[in-house]
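Colleague: Provided herewith is a single structure, encoded as structure tokens, for subsequent inquiry.
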Amino acid sequence: RPVVIGFGPCGIFAALVLAQQGYRPIVIERGKAVRQRTQDTWGLWRKRALDPESNVQFGEGGAGTFSDGKLYSQIKDPRYLGRKVMHEFVNAGAPPEILYAAHPHIGTFKLVKVVENLRAQIIALGGEVRFGQRVTDLHIEDGPGGRHVRGLQVQDLSTGATTDLRADHVVLAVGHSARDTFGVLYRRGVRLQAKPFSIGFRIEHPQSVIDRARWGRHAGHPVLGAADYKLVHHAANGRAAYSFCMCPGGIVVAATSEPGRVVTNGMSQYSRNERNANAALVVDIGPSDFPSDSAAFVAGLGAEFADTTPPAGQDVHPLAGLVMQRQLESSAYLLGGGNYDAPGQRVGDFLAGKASSAFASVVPSYQPGVKPTDLRSALPAFAIEAMQEALPQFGKKIKGFDMPDAVLTGVETRTSAPLQITRGADGQSLNTAGLYPAGEGAGYAGGILSAGVDGIKMAEAVMVQLQRLMQPCA
């Protein structure tokens with residue numbers, strides 16, 4: 001039976017298509033079912049109690065569950081697989097208008113029920129979904145035909161017991177935050193490579209300011225709803241500063257999955273009726289920006305990674321971007337007070353180069369809390385410089401965007417995976433047959449829709465291989 005690791009959008013659609021075609025997949029998910037996961041997530045937001053296995057990043061529905069639920073993408077989709085994703089969402093209870101709206105979204109609360117219904121369909125078709133199960137190792141066989149995955153070592157998180165699961169075809173849909181899994185893959189020699197991503201802050205304005213700037217005298221009209229935006233500025237230092245994952249009428253959320261680190265993200269409900277608008281304000285970074293010193297790797301990954309020599313043919317260690325993410329998230333945790341409060345700053349103070357001592361008309365929405373401080377130490381100097389240049393330019397495009405009372409909250413580091421698990425045209429790992437890297441965590445998607453589409457593609461790739469195995473011998 002094919003195995004799917006991870007039950008976010010990519011894993012859900014990989015498992016759904018496999019189940020619909022009669023292949024009875026087994027899904028391994030380290031987190032919990034979506035309703036219990038929601039309670040665990042609130043534990044961090046309300047009580048500063050983090051569950052490293054059940055949070056915004058891990059659990060049924062993946063990171064997209066606690067987002068705006070955006071269902072649009074700029075991927076090339078000549079086979080209209082995105083329509084398959086949308087129709088399955090509607091069949092599972094999503095609003096029908098997502099099939100024709102220009103920029104469709106679902107929102108967190110509606111996504112919860114949709115995800116549950118998709119899981120029920122997979123199970124009804126013969127699939128299994130096993131929660132609280134973390135993959136701790138891969139069993140790889142070396143033979144005359146090369147390397148092939150032959151099984152998984154799986155830990156039951158409720159008992160601590162470890163068992164082996166035979167698996168010849170594994171869809172790896174772990175998401176961009178499964179850092180321990182990336183370490184397992186590296187140790188087992190699976191082909192990885194560092195890739196660019198972006199870092200920055202969340203910026204918040206009153207939604208009414210954005211509405212007036214975008215809709216003018218029609219702002220507030222119920223037909224229009226909450227306005228959104230998309231901005232980019234190419235700074236003099238060669239960096240691009242841009243808005244990302246804009247959440248109209250939403251909130252900034254605590255999105256860490258690791259103790260002692262602070263990460264932000266944005267979330268909206270279907271109604272998009274919260275007071276503030278928020279978006280990531282980020283700057284692009286690439287492998288040449290990543291750390292390469294042994295001390296950083298030991299601090300970020302452990303003593304076994306003291307040797308930072310890249311694999312043959314690569315200029316940068318595949319896990320270097322992960323090391324940088326952890327550096328920035330640990331720094332933000334300390335800058336916020338060491339209690340999962342996030343560091344924050346008024347835009348006016350950020351532009352003036354001075355620390356904030358309090359917030360004013362814009363009240364930050366991040367929970368459990370935001371500590372006013374100086375965010376210039378939270379990111380590399382080139383990123384701060386690019387954002388300070390970009391903000392006034394954005395203010396010319398959207399009146400009020402650079403208003404002094406707007407709030408920056410740090411840090412945003414998980415815009416995408418910091419590495420790619422490279423695969424071939426047949427969907428399999430370049431050097432480990434039977435392993436199908438998929439979705440955001442493998443570097444092949446960005447967002448709910450594109451992750452779902454990639455899950456469908458990898459399910460098809462698995463079925464092609466299984467059909468070949470079932471062909472009668474000549």
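Each chain in the structure tokens gets a letter, A, B, ..., in the order shown, and its residues are numbered from 1; ligands are numbered from 1 in order too.
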Tell me, which residues of segment 247-346 of chain A carry DSSP strand (DSSP E or B), written as a PyMOL selection string?
Modeller: chain A and resi 247+251-254+264-267+276-285+342-346
Colleague: Hey, which bits of segment 158-193 of chain A sit within 12 Å of segment 44-65 of chain A, and for each residue what's the closest pair of atoms and how far apart in Å (one decimal), counting only C-alpha atoms, rows by chain and increasing number, as a Markdown table?
Modeller:
| residue | atom | partner | partner_atom | distance |
| --- | --- | --- | --- | --- |
| A:Ser158 | CA | A:Glu53 | CA | 10.9 |
| A:Ala173 | CA | A:Gly62 | CA | 9.9 |
| A:Val174 | CA | A:Gly62 | CA | 8.8 |
| A:Gly175 | CA | A:Gly62 | CA | 7.3 |
| A:His176 | CA | A:Gln57 | CA | 8.4 |
| A:Ser177 | CA | A:Gln57 | CA | 6.6 |
| A:Ala178 | CA | A:Phe58 | CA | 8.3 |
| A:Arg179 | CA | A:Gln57 | CA | 11.2 |
| A:Asp180 | CA | A:Glu53 | CA | 11.6 |
Colleague: Calculated over only C-alpha atoms, which of the candidates A:Lys113, A:Arg212, A:Arg376, A:Lys70 has the smallest distance to Ala92 of chain A?
Modeller: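 Result for the nearest residue to Ala92 of chain A: A:Lys113.
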Colleague: Can you list, as a VMD selection string, every residue of segment 119-260 of chain A that DSSP puts in alpha helix (DSSP H)?
Modeller: chain A and resid 119 to 124 179 to 187 207 to 215
Colleague: Go through A:Ala425, A:Leu466, A:Cys247, A:Ala320 one by one, measure the shortest atom-to-atom distance of each to His105 of chain A using only C-alpha atoms, and give the residue with the smallest value.
Modeller: A:Cys247
Colleague: Name the residues in contact with Ser294 of chain A at a cut-off of 10 Å, using only C-alpha atoms, excluding same-chain residues fewer than 6 positions from it; report them as a ChimeraX atom specification.
Modeller: /A:300,303,305-309
Colleague: If you keep N, CA, C and O atoms, can you produce a file of those selected residues as an mmCIF file, in the first residue's frame?
Modeller:
data_model
loop_
_atom_site.group_PDB
_atom_site.id
_atom_site.type_symbol
_atom_site.label_atom_id
_atom_site.label_comp_id
_atom_site.auth_asym_id
_atom_site.auth_seq_id
_atom_site.Cartn_x
_atom_site.Cartn_y
_atom_site.Cartn_z
ATOM 1 N N GLY A 300 22.289 25.304 15.670
ATOM 2 C CA GLY A 300 21.004 25.153 15.013
ATOM 3 C C GLY A 300 20.575 23.730 14.760
ATOM 4 O O GLY A 300 19.379 23.439 14.684
ATOM 5 N N ALA A 303 25.546 18.754 17.389
ATOM 6 C CA ALA A 303 26.984 18.509 17.240
ATOM 7 C C ALA A 303 27.317 17.667 16.014
ATOM 8 O O ALA A 303 28.411 17.783 15.456
ATOM 9 N N PHE A 305 26.470 18.031 13.163
ATOM 10 C CA PHE A 305 26.574 18.853 11.964
ATOM 11 C C PHE A 305 27.712 19.867 12.069
ATOM 12 O O PHE A 305 27.672 20.928 11.449
ATOM 13 N N ALA A 306 28.716 19.537 12.845
ATOM 14 C CA ALA A 306 29.860 20.442 12.981
ATOM 15 C C ALA A 306 30.616 20.597 11.666
ATOM 16 O O ALA A 306 31.213 21.646 11.400
ATOM 17 N N ASP A 307 30.604 19.571 10.835
ATOM 18 C CA ASP A 307 31.229 19.644 9.520
ATOM 19 C C ASP A 307 30.210 20.224 8.541
ATOM 20 O O ASP A 307 29.213 19.586 8.204
ATOM 21 N N THR A 308 30.478 21.440 8.084
ATOM 22 C CA THR A 308 29.517 22.131 7.223
ATOM 23 C C THR A 308 29.877 22.030 5.742
ATOM 24 O O THR A 308 29.340 22.770 4.920
ATOM 25 N N THR A 309 30.751 21.109 5.405
ATOM 26 C CA THR A 309 31.151 20.945 4.009
ATOM 27 C C THR A 309 29.952 20.529 3.157
ATOM 28 O O THR A 309 29.281 19.541 3.469
#
Colleague: Pick out the residues sitting within 12 Å of segment 287-291 of chain A, and hand them over as a VMD selection string; count only C-alpha atoms, and ignore anything fewer than 5 positions along from it in its own chain.
Modeller: chain A and resid 193 to 199 239 296 to 300 308 to 310 314 to 328 379 to 383 418 to 420
Colleague: Print the selection's residues with N, CA, C and O atoms to a file, as a short mmCIF file (atom, residue, chain, number, x, y, z; two decimals), in the first residue's frame.
Modeller:
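Okay, this is what ended up in selection.cif:
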data_model
loop_
_atom_site.label_atom_id
_atom_site.label_comp_id
_atom_site.auth_asym_id
_atom_site.auth_seq_id
_atom_site.Cartn_x
_atom_site.Cartn_y
_atom_site.Cartn_z
N GLN A 193 18.92 20.19 -1.71
CA GLN A 193 19.72 21.36 -2.04
C GLN A 193 19.08 22.60 -1.44
O GLN A 193 17.86 22.70 -1.34
N ALA A 194 19.94 23.53 -1.01
CA ALA A 194 19.44 24.79 -0.45
C ALA A 194 18.74 25.59 -1.54
O ALA A 194 19.10 25.52 -2.71
N LYS A 195 17.71 26.34 -1.13
CA LYS A 195 17.01 27.17 -2.10
C LYS A 195 16.64 28.52 -1.46
O LYS A 195 16.60 28.65 -0.23
N PRO A 196 16.36 29.52 -2.29
CA PRO A 196 15.98 30.84 -1.75
C PRO A 196 14.63 30.79 -1.02
O PRO A 196 13.78 29.94 -1.30
N PHE A 197 14.45 31.73 -0.10
CA PHE A 197 13.14 31.99 0.50
C PHE A 197 13.14 33.45 0.92
O PHE A 197 13.95 34.23 0.42
N SER A 198 12.24 33.87 1.77
CA SER A 198 12.15 35.27 2.15
C SER A 198 11.98 35.40 3.66
O SER A 198 11.45 34.50 4.32
N ILE A 199 12.43 36.53 4.20
CA ILE A 199 12.33 36.80 5.63
C ILE A 199 11.81 38.22 5.84
O ILE A 199 11.99 39.09 4.98
N ARG A 239 17.98 44.11 -3.40
CA ARG A 239 16.98 43.20 -2.83
C ARG A 239 15.57 43.62 -3.24
O ARG A 239 15.30 44.80 -3.47
N ALA A 296 27.41 27.99 14.10
CA ALA A 296 26.00 28.20 13.79
C ALA A 296 25.29 26.89 13.52
O ALA A 296 24.15 26.68 13.96
N PHE A 297 25.95 25.98 12.83
CA PHE A 297 25.34 24.69 12.53
C PHE A 297 25.16 23.85 13.79
O PHE A 297 24.13 23.19 13.97
N VAL A 298 26.15 23.86 14.67
CA VAL A 298 26.02 23.11 15.92
C VAL A 298 24.88 23.67 16.76
O VAL A 298 24.08 22.93 17.33
N ALA A 299 24.80 25.01 16.83
CA ALA A 299 23.73 25.65 17.61
C ALA A 299 22.36 25.36 17.00
O ALA A 299 21.37 25.17 17.72
N GLY A 300 22.29 25.30 15.67
CA GLY A 300 21.00 25.15 15.01
C GLY A 300 20.57 23.73 14.76
O GLY A 300 19.38 23.44 14.68
N THR A 308 30.48 21.44 8.08
CA THR A 308 29.52 22.13 7.22
C THR A 308 29.88 22.03 5.74
O THR A 308 29.34 22.77 4.92
N THR A 309 30.75 21.11 5.41
CA THR A 309 31.15 20.94 4.01
C THR A 309 29.95 20.53 3.16
O THR A 309 29.28 19.54 3.47
N PRO A 310 29.66 21.26 2.08
CA PRO A 310 28.52 20.87 1.23
C PRO A 310 28.80 19.56 0.51
O PRO A 310 29.95 19.18 0.30
N GLN A 314 27.72 20.83 -4.82
CA GLN A 314 26.91 21.91 -4.27
C GLN A 314 27.81 22.94 -3.58
O GLN A 314 28.80 22.60 -2.95
N ASP A 315 27.44 24.21 -3.69
CA ASP A 315 28.23 25.29 -3.10
C ASP A 315 27.82 25.58 -1.66
O ASP A 315 28.60 26.16 -0.90
N VAL A 316 26.59 25.21 -1.29
CA VAL A 316 26.05 25.54 0.03
C VAL A 316 25.48 24.28 0.65
O VAL A 316 24.86 23.45 -0.04
N HIS A 317 25.68 24.12 1.94
CA HIS A 317 25.12 22.99 2.66
C HIS A 317 23.60 23.00 2.53
O HIS A 317 22.96 24.06 2.69
N PRO A 318 22.95 21.87 2.24
CA PRO A 318 21.50 21.86 2.02
C PRO A 318 20.68 22.36 3.21
O PRO A 318 19.57 22.85 3.02
N LEU A 319 21.21 22.25 4.43
CA LEU A 319 20.46 22.65 5.61
C LEU A 319 20.82 24.04 6.10
O LEU A 319 20.37 24.46 7.17
N ALA A 320 21.61 24.80 5.32
CA ALA A 320 22.07 26.11 5.78
C ALA A 320 20.91 27.09 5.96
O ALA A 320 20.91 27.91 6.89
N GLY A 321 19.91 27.05 5.08
CA GLY A 321 18.76 27.94 5.23
C GLY A 321 17.97 27.64 6.49
O GLY A 321 17.46 28.56 7.15
N LEU A 322 17.87 26.37 6.84
CA LEU A 322 17.20 25.97 8.08
C LEU A 322 17.94 26.55 9.28
O LEU A 322 17.31 27.03 10.24
N VAL A 323 19.26 26.50 9.24
CA VAL A 323 20.07 27.08 10.33
C VAL A 323 19.76 28.56 10.47
O VAL A 323 19.58 29.08 11.58
N MET A 324 19.66 29.27 9.35
CA MET A 324 19.38 30.70 9.40
C MET A 324 17.99 30.97 9.98
O MET A 324 17.80 31.88 10.79
N GLN A 325 17.00 30.19 9.57
CA GLN A 325 15.66 30.35 10.13
C GLN A 325 15.69 30.23 11.65
O GLN A 325 15.10 31.05 12.37
N ARG A 326 16.36 29.21 12.14
CA ARG A 326 16.40 29.00 13.59
C ARG A 326 17.14 30.13 14.30
O ARG A 326 16.75 30.53 15.41
N GLN A 327 18.19 30.65 13.69
CA GLN A 327 18.89 31.79 14.28
C GLN A 327 17.94 32.97 14.47
O GLN A 327 17.87 33.56 15.55
N LEU A 328 17.20 33.31 13.42
CA LEU A 328 16.31 34.47 13.47
C LEU A 328 15.15 34.25 14.43
O LEU A 328 14.75 35.16 15.16
N LEU A 379 16.72 41.15 12.00
CA LEU A 379 17.00 40.64 10.66
C LEU A 379 18.35 41.16 10.19
O LEU A 379 18.87 42.15 10.73
N PRO A 380 18.94 40.56 9.17
CA PRO A 380 20.19 41.09 8.61
C PRO A 380 20.02 42.53 8.14
O PRO A 380 18.92 42.95 7.74
N ALA A 381 21.10 43.29 8.16
CA ALA A 381 21.06 44.72 7.83
C ALA A 381 20.50 44.97 6.43
O ALA A 381 19.76 45.93 6.21
N PHE A 382 20.82 44.10 5.45
CA PHE A 382 20.34 44.33 4.09
C PHE A 382 18.82 44.24 4.02
O PHE A 382 18.17 44.94 3.22
N ALA A 383 18.20 43.37 4.84
CA ALA A 383 16.75 43.25 4.84
C ALA A 383 16.09 44.48 5.46
O ALA A 383 15.08 44.99 4.95
N PRO A 418 13.24 26.16 3.15
CA PRO A 418 14.58 26.67 2.87
C PRO A 418 15.42 25.71 2.03
O PRO A 418 16.61 25.95 1.84
N LEU A 419 14.80 24.64 1.57
CA LEU A 419 15.53 23.66 0.76
C LEU A 419 14.57 23.00 -0.22
O LEU A 419 13.34 23.16 -0.12
N GLN A 420 15.14 22.27 -1.15
CA GLN A 420 14.34 21.50 -2.09
C GLN A 420 14.79 20.04 -2.05
O GLN A 420 15.99 19.75 -2.03
#
Colleague: Closest to Ala19 of chain A among A:Glu97, A:Glu204, A:Glu128, A:Asp293, using only C-alpha atoms?
Modeller: A:Glu128
Colleague: List the spatial neighbours of Gln428 of chain A as a PyMOL selection string - criterion: any atom at most 12 Å away, only C-alpha atoms, same-chain residues fewer than 4 positions off excluded.
Modeller: chain A and resi 147-149+168-172+190-191+421-424+432-438+442+457-462+464-465
Colleague: Extract, using only C-alpha atoms, all DNA, RNA and protein residues at most 12 Å from Val283 of chain A, discarding same-chain residues fewer than 3 positions from it, and format them as a PDB file with C-alpha atoms, in the first residue's frame.
Modeller:
ATOM      1  CA  PRO A 196      15.979  30.836  -1.747  1.00  0.00           C
ATOM      2  CA  PHE A 197      13.143  31.987   0.504  1.00  0.00           C
ATOM      3  CA  SER A 198      12.146  35.272   2.153  1.00  0.00           C
ATOM      4  CA  ILE A 199      12.328  36.801   5.629  1.00  0.00           C
ATOM      5  CA  GLY A 200      10.655  39.790   7.229  1.00  0.00           C
ATOM      6  CA  PHE A 201       7.887  40.960   9.513  1.00  0.00           C
ATOM      7  CA  ARG A 202       4.095  41.117   9.607  1.00  0.00           C
ATOM      8  CA  LEU A 231       3.149  45.350  -3.445  1.00  0.00           C
ATOM      9  CA  VAL A 232       6.773  45.038  -4.510  1.00  0.00           C
ATOM     10  CA  HIS A 233       9.778  47.364  -4.463  1.00  0.00           C
ATOM     11  CA  HIS A 234      13.230  46.721  -5.880  1.00  0.00           C
ATOM     12  CA  ALA A 235      15.606  48.380  -3.453  1.00  0.00           C
ATOM     13  CA  ASN A 237      20.837  47.341  -2.525  1.00  0.00           C
ATOM     14  CA  GLY A 238      19.598  44.813  -5.061  1.00  0.00           C
ATOM     15  CA  ARG A 239      16.976  43.197  -2.830  1.00  0.00           C
ATOM     16  CA  ALA A 240      13.257  42.925  -3.529  1.00  0.00           C
ATOM     17  CA  ALA A 241      10.927  43.883  -0.681  1.00  0.00           C
ATOM     18  CA  TYR A 242       7.347  42.769  -1.176  1.00  0.00           C
ATOM     19  CA  SER A 243       4.053  41.951   0.503  1.00  0.00           C
ATOM     20  CA  PHE A 244       3.153  38.294   0.887  1.00  0.00           C
ATOM     21  CA  ALA A 280       4.034  39.742   5.493  1.00  0.00           C
ATOM     22  CA  GLY A 286      19.384  33.188  -1.215  1.00  0.00           C
ATOM     23  CA  ASP A 289      23.251  34.696   2.510  1.00  0.00           C
ATOM     24  CA  LEU A 379      17.004  40.642  10.657  1.00  0.00           C
ATOM     25  CA  PRO A 380      20.186  41.088   8.606  1.00  0.00           C
ATOM     26  CA  ALA A 381      21.058  44.715   7.828  1.00  0.00           C
ATOM     27  CA  PHE A 382      20.338  44.330   4.094  1.00  0.00           C
ATOM     28  CA  ALA A 383      16.746  43.248   4.836  1.00  0.00           C
ATOM     29  CA  ILE A 384      16.138  46.166   7.204  1.00  0.00           C
ATOM     30  CA  GLU A 385      17.599  48.580   4.662  1.00  0.00           C
ATOM     31  CA  ALA A 386      15.376  47.272   1.880  1.00  0.00           C
ATOM     32  CA  MET A 387      12.225  47.504   4.018  1.00  0.00           C
ATOM     33  CA  GLN A 388      13.021  51.019   5.224  1.00  0.00           C
ATOM     34  CA  GLU A 389      13.372  52.070   1.590  1.00  0.00           C
ATOM     35  CA  ALA A 390      10.248  50.217   0.484  1.00  0.00           C
ATOM     36  CA  VAL A 411       9.623  37.572  12.596  1.00  0.00           C
ATOM     37  CA  GLU A 412       8.266  35.971   9.432  1.00  0.00           C
ATOM     38  CA  THR A 413      10.694  33.255   8.322  1.00  0.00           C
ATOM     39  CA  THR A 415       7.410  31.897   3.687  1.00  0.00           C
TER      40      THR A 415
END
Colleague: Out of A:Lys354, A:His205, A:Lys76, A:Lys110, which residue has the shortest atom-to-atom distance to Arg35 of chain A when counting only C-alpha atoms?
Modeller: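 Once distances to Arg35 of chain A are computed over only C-alpha atoms, the minimum belongs to A:Lys110.
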Colleague: If we count only C-alpha atoms and set the cut-off at 6 Å, which residues sit around segment 27-32 of chain A, ignoring sequence neighbours fewer than 2 positions away in its own chain? Please answer as a VMD selection string.
Modeller: chain A and resid 3 to 7 37 53 to 54 58 to 59 128 to 134
Colleague: Write out the residues from the selection above, keeping C-alpha atoms, as a PDB file, in the first residue's frame.
Modeller:
ATOM      1  CA  VAL A   3       2.179   5.650   2.242  1.00  0.00           C
ATOM      2  CA  VAL A   4       1.652   9.409   2.475  1.00  0.00           C
ATOM      3  CA  ILE A   5       3.657  11.276   5.122  1.00  0.00           C
ATOM      4  CA  GLY A   6       1.881  14.459   6.182  1.00  0.00           C
ATOM      5  CA  PHE A   7      -1.794  15.445   6.050  1.00  0.00           C
ATOM      6  CA  ARG A  37      -5.118  20.554  17.025  1.00  0.00           C
ATOM      7  CA  GLU A  53       3.730  18.186  17.685  1.00  0.00           C
ATOM      8  CA  SER A  54       0.347  19.929  17.447  1.00  0.00           C
ATOM      9  CA  PHE A  58       1.715  20.312  12.432  1.00  0.00           C
ATOM     10  CA  GLY A  59      -1.587  18.468  12.390  1.00  0.00           C
ATOM     11  CA  GLU A 128      -6.177   4.996   6.790  1.00  0.00           C
ATOM     12  CA  VAL A 129      -5.167   8.185   8.607  1.00  0.00           C
ATOM     13  CA  ARG A 130      -2.913   7.610  11.608  1.00  0.00           C
ATOM     14  CA  PHE A 131      -2.471  10.660  13.848  1.00  0.00           C
ATOM     15  CA  GLY A 132       0.245  11.154  16.444  1.00  0.00           C
ATOM     16  CA  GLN A 133       2.727   9.154  14.377  1.00  0.00           C
ATOM     17  CA  ARG A 134       6.117  10.712  13.610  1.00  0.00           C
TER      18      ARG A 134
END
Colleague: Check the smallest atom-to-atom distance from each of A:Gly427, A:Gly8, A:Gly143, A:Pro343 to Val263 of chain A using only C-alpha atoms, then report the winner.
Modeller: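 Result for the nearest residue to Val263 of chain A: A:Pro343.
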Colleague: Between atom CA of Val407 of chain A and atom CA of Asn276 of chain A, what distance in Å does the model show, to one decimal?
Modeller: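 Computing the Euclidean distance for atom CA of Val407 of chain A and atom CA of Asn276 of chain A yields 10.2 Å.
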